[in-house]
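Q: Pasting a structure here, questions to come.
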Amino acid sequence: MVTCVMLGLLLGALINLNGSGHYIQWGFIQMSLANLVVIVLMVIVFALAIVLPFPRRKRGNR
Amino acid sequence: MSIDTGAPPSPSTQDSEDSRQWTARVRRSAESAFPPDRLLPDRQPAYMASWIYVFGVLTVVSLAWVIITGCVLAVMGPSWWHVSSVGLFVNSLHLWSVEAFFFFMVIHLWGKFFMAAWRGNRRLTWVTGVVSFLVSVGAAFTGYLSQQNFDSQWISTQAKDGINATGAGAVWNVLNFGQMLMWHIVLLPIVVALIVGLHVLLVRRRGIVPPFELAKNGDEPEKAAAGTDPA
Amino acid sequence: MSRGARGRPRFNPDRDVEEWKGAYVPYDILKEAFVAFLAVAALIALLAIVFSSPDEHAVTLKSWSAVDPVDFAQTAVTELDGTSGTATYGPPYNATPDASQHIGFFEPNQWLGVHQPVDTAQDFVIGPLRTLPNQPATQLAITAYENAPAAQQTAWTTAYEKAVANATDVRGRLHVPVGRYGPVGRIIGSLTAMSQTGGLDGTLLSNGQFYNTNYTKPLLFLADGNYLAARADSQHLSGDQWGMMNETGNYPGQAWLWLYTMWYQVPPMNTSSNGDLEVWGIMMLLSLGFVFLPFIPFLRSIPRWTRVYKLIWRRHYRELAAS
């Protein structure tokens, strides 16, 4: 935790997300690139969660 | 054979007067609803073989981090993160834990929807889940109002129109920083924690919803002869 | 609910399920929770280190009047003559008739009434100026304005609004063309100067008390002008830019508000004077539908129809088929 705090202090932000934002326009829909990335990531993670195999466990009886 | 340990005898539930006590009744109801191996099971049904099942616990631990980081911010006060780089880092942890909370919660919601997880007397589990989502949106909103920066100025002066239109603005004043901060750090966390707690207890009480039953031809879910059998 | 033999409800696959009587496997839920706790800690620490968080400085009346004294003065005169957005808002700030949003007879804002009273002329202009010491000319101007008949006050403020539209800002000082606006010129000029020293921020917040955490008055004054809105527009935070979802800079915002803000972009809500109440009504209905989804036929059948469950439980179905 201390290392994280120190890294945070020293580095500030590695990637500066301040400044002018980027926006996507699609018909009447306007969305910030950041929000679009979050939503697309959610869909990808959901798909992966369903599709990726779950480790098989040894069965026991109740 | 009983051994006299000197401790007071435990109240007998055979005794009709003691068994009518509120304490005894609450304890018996709790024990009946949540026997220890249901409250903390060490086994789960074999059909739970998908990564989608981890998103509930990811949501809960994200909420834990929201609360922990929020408590650290509370230790130093609402202006700390504007004047301290440590404070800014803790604020960043708080922001990203909120983003993670909603990220995992929505995926959990999608999974539960496609599993029709309300089946088998689990409708209240669904209801408490959706209500905790809606209350969390409100809690996050009061957090954005409490930032004491340009973002909170804009959000409050815009949101006031929506809230005033409903009449709630007469009492719930989004331009009142003190009021919104107290809703954010006291009232809404208590409500979110209570609803999430109830939701988790319901999951333990009712169990994880079993799969749809496929018909013998492997297509449509089969209609069973009997009715429901709640856990 | 249809009933089968013996009066029991008929099995409905979208509502009911046979409880599991099959195999169980060992699973350590506390270990799972602990691992998840550490994983999320690592995730948010990484995100905080890489991206930090946004903190755009707040706008003050001082900064507004210094950067754009013309917009400040134009707003101030509308506060004085009661034509500003706040002055004509209606409840909960004042009792302006026919100002509340309504759907038919349903007008909750009007019913709840005025609970955050704001008199813009007194609270935003005259009251703060009255606190200034050693300003005899300003005090005389205020007295002259207050003692004039309403028609004269209106004539002065209207003339000032016309003149200040052509005002210039010379190194932060307001220069308004000459006109027949009586004492209003001195009143607004003094207020602008007071704001540029920071005195107006303090006076509007303190409201006569030492401690205060209620920013209603300074925020309403700021929101009446164009400066705050212009800054928001440049950051894509305006309502017609789906701004409710957005954050300053390139940070993700409140993406979960997508449906709420969507209704503001579509007719008739996007041009309706009752748009806020209409959107709230729609969202309340949709939220109720969401909460009570398990009770709603057709909607609760979507999971079975879409068959995503076949992917989720594919191992279970394979093992059932094999056995």
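Chain identifiers are assigned as A, B, and so on, following the order in which chains appear in the structure tokens; residues are numbered from 1 within each chain, and ligands are numbered from 1 in order of appearance.
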Return the neighbours of chain B among the residues of chain A, cut-off 6 Å, counting only C-alpha atoms, as a list of chain:residue names.
A: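 In the required form, that comes to A:Leu9, A:Phe46, A:Ala49, A:Ile50, A:Phe54.
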Q: Got time to write the residues from that selection, N, CA and C atoms, as an mmCIF file, in the first residue's frame?
A:
```cif
data_model
loop_
_atom_site.group_PDB
_atom_site.id
_atom_site.type_symbol
_atom_site.label_atom_id
_atom_site.label_comp_id
_atom_site.auth_asym_id
_atom_site.auth_seq_id
_atom_site.Cartn_x
_atom_site.Cartn_y
_atom_site.Cartn_z
ATOM 1 N N LEU A 9 2.462 9.309 -5.815
ATOM 2 C CA LEU A 9 2.984 10.649 -5.559
ATOM 3 C C LEU A 9 4.053 11.019 -6.582
ATOM 4 N N PHE A 46 -17.838 -9.513 -20.348
ATOM 5 C CA PHE A 46 -19.022 -10.358 -20.181
ATOM 6 C C PHE A 46 -18.943 -11.561 -21.120
ATOM 7 N N ALA A 49 -16.316 -13.923 -19.908
ATOM 8 C CA ALA A 49 -16.735 -14.620 -18.674
ATOM 9 C C ALA A 49 -17.618 -15.809 -18.999
ATOM 10 N N ILE A 50 -18.414 -15.662 -20.046
ATOM 11 C CA ILE A 50 -19.320 -16.755 -20.413
ATOM 12 C C ILE A 50 -18.580 -17.815 -21.208
ATOM 13 N N PHE A 54 -14.159 -22.671 -17.113
ATOM 14 C CA PHE A 54 -13.910 -22.519 -15.678
ATOM 15 C C PHE A 54 -13.164 -23.758 -15.204
#
```
Q: Run DSSP on the backbone and tell me which residues of region 134-212 of chain B come out as alpha helix (DSSP H); list them as a VMD selection string.
A: chain B and resid 134 to 145 150 to 165 177 to 182 188 to 206
Q: Would you give me, as JSON, numbers by chain, the residues of chain C that come within 6 Å of chain B, using only C-alpha atoms?
A: {"C": [11, 15, 16, 17, 23, 24, 25, 26, 27, 28, 36, 37, 44, 48, 52, 53, 56, 57, 58, 92, 101, 108, 109, 112, 115, 213, 214, 215, 216, 276, 277, 291, 303, 309, 316]}
Q: Limited to C-alpha atoms, could you put the picked residues into a file as a CSV table (one decimal), in the first residue's frame?
A:
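Result file is again_10.csv:
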```
chain,number,residue,atom,x,y,z
C,11,PHE,CA,-45.1,-24.8,-13.7
C,15,ARG,CA,-40.9,-18.2,-12.9
C,16,ASP,CA,-40.3,-21.6,-11.4
C,17,VAL,CA,-37.5,-24.1,-11.2
C,23,ALA,CA,-23.8,-33.1,-7.1
C,24,TYR,CA,-22.0,-30.4,-5.1
C,25,VAL,CA,-18.3,-29.6,-5.4
C,26,PRO,CA,-16.0,-28.1,-2.7
C,27,TYR,CA,-15.7,-24.3,-3.0
C,28,ASP,CA,-13.9,-21.9,-0.7
C,36,ALA,CA,-11.1,-10.8,-5.3
C,37,PHE,CA,-10.4,-8.2,-2.6
C,44,ILE,CA,-7.7,0.3,-8.7
C,48,ALA,CA,-5.0,5.4,-9.9
C,52,SER,CA,-5.1,9.7,-11.4
C,53,SER,CA,-8.4,11.6,-11.2
C,56,GLU,CA,-10.9,21.1,-12.6
C,57,HIS,CA,-10.8,24.2,-10.4
C,58,ALA,CA,-14.1,25.7,-9.5
C,92,PRO,CA,-38.5,26.2,-4.9
C,101,GLN,CA,-43.1,22.0,-15.0
C,108,PRO,CA,-45.4,18.6,-8.0
C,109,ASN,CA,-43.0,21.5,-7.9
C,112,LEU,CA,-44.4,21.6,-2.8
C,115,HIS,CA,-38.6,26.3,0.4
C,213,THR,CA,-22.0,25.0,3.7
C,214,ASN,CA,-25.0,26.0,1.5
C,215,TYR,CA,-23.8,27.3,-1.9
C,216,THR,CA,-27.3,27.9,-3.3
C,276,ASP,CA,-37.3,17.3,-17.0
C,277,LEU,CA,-40.5,16.1,-15.5
C,291,VAL,CA,-37.3,-3.8,-10.4
C,303,PRO,CA,-33.6,-15.1,-21.1
C,309,TYR,CA,-28.0,-19.7,-20.7
C,316,HIS,CA,-23.8,-28.9,-17.0
```
Q: Could you list the residues in chain C lying within 10 Å of chain A, using only C-alpha atoms, and format the result as an mmCIF file with N, CA and C atoms, in the first residue's frame?
A:
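Saved file part-v6.cif follows:
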```cif
data_model
loop_
_atom_site.group_PDB
_atom_site.id
_atom_site.type_symbol
_atom_site.label_atom_id
_atom_site.label_comp_id
_atom_site.auth_asym_id
_atom_site.auth_seq_id
_atom_site.Cartn_x
_atom_site.Cartn_y
_atom_site.Cartn_z
ATOM 1 N N LYS C 21 -30.948 -31.210 -6.904
ATOM 2 C CA LYS C 21 -30.735 -32.363 -6.037
ATOM 3 C C LYS C 21 -29.496 -33.138 -6.479
ATOM 4 N N GLY C 22 -28.681 -32.512 -7.309
ATOM 5 C CA GLY C 22 -27.531 -33.205 -7.880
ATOM 6 C C GLY C 22 -26.272 -32.989 -7.058
ATOM 7 N N ALA C 23 -25.138 -33.099 -7.740
ATOM 8 C CA ALA C 23 -23.845 -33.095 -7.058
ATOM 9 C C ALA C 23 -23.441 -31.679 -6.631
ATOM 10 N N TYR C 24 -22.620 -31.662 -5.563
ATOM 11 C CA TYR C 24 -21.997 -30.442 -5.093
ATOM 12 C C TYR C 24 -20.485 -30.622 -5.165
ATOM 13 N N VAL C 25 -19.787 -29.503 -5.360
ATOM 14 C CA VAL C 25 -18.325 -29.567 -5.394
ATOM 15 C C VAL C 25 -17.794 -28.648 -4.306
ATOM 16 N N PRO C 26 -16.591 -28.968 -3.767
ATOM 17 C CA PRO C 26 -16.033 -28.090 -2.736
ATOM 18 C C PRO C 26 -15.758 -26.715 -3.312
ATOM 19 N N TYR C 27 -16.041 -25.665 -2.530
ATOM 20 C CA TYR C 27 -15.729 -24.302 -2.976
ATOM 21 C C TYR C 27 -15.486 -23.430 -1.762
ATOM 22 N N ALA C 41 -8.050 -4.471 -5.416
ATOM 23 C CA ALA C 41 -7.088 -3.499 -4.870
ATOM 24 C C ALA C 41 -5.983 -3.210 -5.878
ATOM 25 N N ALA C 42 -5.471 -4.287 -6.476
ATOM 26 C CA ALA C 42 -4.405 -4.114 -7.472
ATOM 27 C C ALA C 42 -4.918 -3.335 -8.676
ATOM 28 N N ALA C 45 -5.471 0.376 -7.751
ATOM 29 C CA ALA C 45 -4.181 1.034 -7.529
ATOM 30 C C ALA C 45 -3.509 1.328 -8.871
ATOM 31 N N LEU C 46 -3.559 0.343 -9.772
ATOM 32 C CA LEU C 46 -2.961 0.536 -11.101
ATOM 33 C C LEU C 46 -3.629 1.688 -11.837
ATOM 34 N N LEU C 47 -4.967 1.699 -11.809
ATOM 35 C CA LEU C 47 -5.701 2.755 -12.512
ATOM 36 C C LEU C 47 -5.398 4.120 -11.890
ATOM 37 N N ALA C 48 -5.297 4.166 -10.561
ATOM 38 C CA ALA C 48 -5.028 5.444 -9.893
ATOM 39 C C ALA C 48 -3.622 5.945 -10.218
ATOM 40 N N ILE C 49 -2.647 5.007 -10.281
ATOM 41 C CA ILE C 49 -1.280 5.404 -10.604
ATOM 42 C C ILE C 49 -1.187 5.867 -12.056
ATOM 43 N N VAL C 50 -1.835 5.117 -12.959
ATOM 44 C CA VAL C 50 -1.711 5.430 -14.386
ATOM 45 C C VAL C 50 -2.518 6.678 -14.756
ATOM 46 N N PHE C 51 -3.754 6.779 -14.262
ATOM 47 C CA PHE C 51 -4.659 7.827 -14.743
ATOM 48 C C PHE C 51 -4.971 8.937 -13.747
ATOM 49 N N SER C 52 -4.720 8.729 -12.454
ATOM 50 C CA SER C 52 -5.098 9.700 -11.430
ATOM 51 C C SER C 52 -6.598 10.016 -11.543
ATOM 52 N N SER C 53 -6.991 11.231 -11.148
ATOM 53 C CA SER C 53 -8.411 11.614 -11.238
ATOM 54 C C SER C 53 -8.506 13.094 -11.566
ATOM 55 N N PRO C 54 -9.618 13.519 -12.176
ATOM 56 C CA PRO C 54 -9.722 14.907 -12.631
ATOM 57 C C PRO C 54 -10.052 15.854 -11.482
ATOM 58 N N ASP C 55 -9.602 17.074 -11.607
ATOM 59 C CA ASP C 55 -9.917 18.089 -10.603
ATOM 60 C C ASP C 55 -9.832 19.477 -11.236
ATOM 61 N N GLU C 56 -10.844 19.794 -12.030
ATOM 62 C CA GLU C 56 -10.880 21.137 -12.635
ATOM 63 C C GLU C 56 -11.288 22.141 -11.569
ATOM 64 N N SER C 234 -17.510 23.497 -23.604
ATOM 65 C CA SER C 234 -16.193 23.179 -24.172
ATOM 66 C C SER C 234 -15.705 21.812 -23.699
ATOM 67 N N GLN C 235 -16.272 21.320 -22.583
ATOM 68 C CA GLN C 235 -15.898 20.004 -22.057
ATOM 69 C C GLN C 235 -16.954 18.945 -22.387
ATOM 70 N N HIS C 236 -17.885 19.283 -23.303
ATOM 71 C CA HIS C 236 -18.932 18.335 -23.691
ATOM 72 C C HIS C 236 -19.756 17.877 -22.494
ATOM 73 N N ASP C 240 -27.378 18.807 -24.262
ATOM 74 C CA ASP C 240 -27.573 18.350 -25.641
ATOM 75 C C ASP C 240 -26.332 17.678 -26.210
ATOM 76 N N GLN C 241 -25.286 17.527 -25.392
ATOM 77 C CA GLN C 241 -24.089 16.800 -25.800
ATOM 78 C C GLN C 241 -24.007 15.463 -25.065
ATOM 79 N N TRP C 242 -25.143 15.007 -24.506
ATOM 80 C CA TRP C 242 -25.159 13.818 -23.650
ATOM 81 C C TRP C 242 -24.213 14.045 -22.457
ATOM 82 N N GLY C 243 -24.120 15.301 -22.045
ATOM 83 C CA GLY C 243 -23.108 15.662 -21.064
ATOM 84 C C GLY C 243 -23.258 15.009 -19.707
ATOM 85 N N MET C 245 -23.450 12.061 -18.949
ATOM 86 C CA MET C 245 -22.619 10.862 -18.834
ATOM 87 C C MET C 245 -21.144 11.201 -18.741
ATOM 88 N N ASN C 246 -20.790 12.437 -19.100
ATOM 89 C CA ASN C 246 -19.385 12.745 -19.340
ATOM 90 C C ASN C 246 -18.666 13.287 -18.118
ATOM 91 N N GLU C 247 -17.349 13.261 -18.199
ATOM 92 C CA GLU C 247 -16.471 13.786 -17.171
ATOM 93 C C GLU C 247 -15.559 14.780 -17.878
ATOM 94 N N THR C 248 -14.939 15.667 -17.114
ATOM 95 C CA THR C 248 -13.998 16.600 -17.727
ATOM 96 C C THR C 248 -12.817 15.830 -18.309
ATOM 97 N N GLY C 249 -12.207 16.390 -19.305
ATOM 98 C CA GLY C 249 -11.059 15.747 -19.939
ATOM 99 C C GLY C 249 -11.448 14.453 -20.637
ATOM 100 N N ASN C 250 -10.567 13.482 -20.569
ATOM 101 C CA ASN C 250 -10.787 12.187 -21.218
ATOM 102 C C ASN C 250 -11.114 11.088 -20.232
ATOM 103 N N TYR C 251 -11.570 11.463 -19.037
ATOM 104 C CA TYR C 251 -11.907 10.466 -18.035
ATOM 105 C C TYR C 251 -13.269 9.853 -18.319
ATOM 106 N N PRO C 252 -13.467 8.577 -17.986
ATOM 107 C CA PRO C 252 -14.823 8.030 -18.074
ATOM 108 C C PRO C 252 -15.706 8.712 -17.037
ATOM 109 N N GLY C 253 -16.959 8.858 -17.371
ATOM 110 C CA GLY C 253 -17.876 9.558 -16.480
ATOM 111 C C GLY C 253 -18.877 8.592 -15.884
ATOM 112 N N GLN C 254 -20.133 9.031 -15.863
ATOM 113 C CA GLN C 254 -21.185 8.197 -15.290
ATOM 114 C C GLN C 254 -21.908 7.499 -16.444
ATOM 115 N N ALA C 255 -21.255 6.504 -17.009
ATOM 116 C CA ALA C 255 -21.795 5.837 -18.194
ATOM 117 C C ALA C 255 -23.159 5.203 -17.916
ATOM 118 N N TRP C 256 -23.421 4.901 -16.623
ATOM 119 C CA TRP C 256 -24.690 4.268 -16.267
ATOM 120 C C TRP C 256 -25.880 5.206 -16.402
ATOM 121 N N TRP C 258 -26.639 6.582 -19.191
ATOM 122 C CA TRP C 258 -26.879 6.690 -20.627
ATOM 123 C C TRP C 258 -28.369 6.762 -20.964
ATOM 124 N N MET C 262 -30.408 9.928 -22.573
ATOM 125 C CA MET C 262 -30.890 9.676 -23.931
ATOM 126 C C MET C 262 -32.251 10.332 -24.174
ATOM 127 N N GLN C 265 -32.506 13.793 -25.539
ATOM 128 C CA GLN C 265 -32.055 14.055 -26.912
ATOM 129 C C GLN C 265 -33.151 13.814 -27.933
ATOM 130 N N VAL C 266 -34.278 13.220 -27.487
ATOM 131 C CA VAL C 266 -35.305 12.809 -28.450
ATOM 132 C C VAL C 266 -36.578 13.617 -28.259
ATOM 133 N N VAL C 308 -28.864 -17.544 -24.099
ATOM 134 C CA VAL C 308 -27.488 -17.293 -23.643
ATOM 135 C C VAL C 308 -27.161 -18.282 -22.511
ATOM 136 N N TYR C 309 -28.186 -18.738 -21.804
ATOM 137 C CA TYR C 309 -27.978 -19.676 -20.694
ATOM 138 C C TYR C 309 -27.323 -20.963 -21.169
ATOM 139 N N LYS C 310 -27.530 -21.303 -22.435
ATOM 140 C CA LYS C 310 -26.942 -22.552 -22.957
ATOM 141 C C LYS C 310 -25.420 -22.465 -22.964
ATOM 142 N N LEU C 311 -24.917 -21.240 -23.191
ATOM 143 C CA LEU C 311 -23.470 -21.037 -23.126
ATOM 144 C C LEU C 311 -23.004 -21.083 -21.681
ATOM 145 N N ILE C 312 -23.757 -20.419 -20.795
ATOM 146 C CA ILE C 312 -23.334 -20.329 -19.391
ATOM 147 C C ILE C 312 -23.276 -21.707 -18.760
ATOM 148 N N TRP C 313 -24.296 -22.552 -19.025
ATOM 149 C CA TRP C 313 -24.404 -23.851 -18.388
ATOM 150 C C TRP C 313 -24.046 -25.002 -19.314
ATOM 151 N N ARG C 314 -23.201 -24.720 -20.305
ATOM 152 C CA ARG C 314 -22.928 -25.744 -21.318
ATOM 153 C C ARG C 314 -22.279 -26.986 -20.733
ATOM 154 N N ARG C 315 -21.410 -26.813 -19.711
ATOM 155 C CA ARG C 315 -20.767 -27.973 -19.110
ATOM 156 C C ARG C 315 -21.808 -28.835 -18.385
#
```
Q: CA of Arg180 (chain C) and CA of Ala155 (chain C), how far apart in Å?
A: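 Computed distance, CA of Ala155 (chain C) to CA of Arg180 (chain C), equals 8.5 Å.
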Q: Any idea what the distance is between CA of Pro117 (chain C) and CA of Tyr93 (chain C)?
A: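 For CA of Pro117 (chain C) relative to CA of Tyr93 (chain C), the distance reads 4.5 Å.
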Q: Please report the interatomic distance between CA of Phe106 (chain C) and CA of Tyr260 (chain C) in Å with one decimal.
A: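 Interatomic distance, CA of Phe106 (chain C) to CA of Tyr260 (chain C): 20.7 Å.
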Q: Could you pull the residues within 10 Å of Arg28 (chain B), counting only C-alpha atoms, minus those fewer than 5 positions along the same chain, as a ChimeraX atom specification?
A: /B:13,19,22-23,33-34
Q: Using only C-alpha atoms, which protein or nucleic acid residues come within 10 Å of Phe221 (chain C)? Drop anything in the same chain fewer than 5 positions from it, and give the result as an NGL selection string.
A: :C and (61 or 72 or 75-76 or 79 or 84-87 or 120 or 123-124 or 204 or 216)
Q: Just the residues within 12 Å of Pro136 (chain C), please, counting only C-alpha atoms, with nothing from its chain fewer than 6 positions along; format it as JSON, numbers by chain.
A: {"C": [129, 130, 142, 143, 186, 187, 190]}
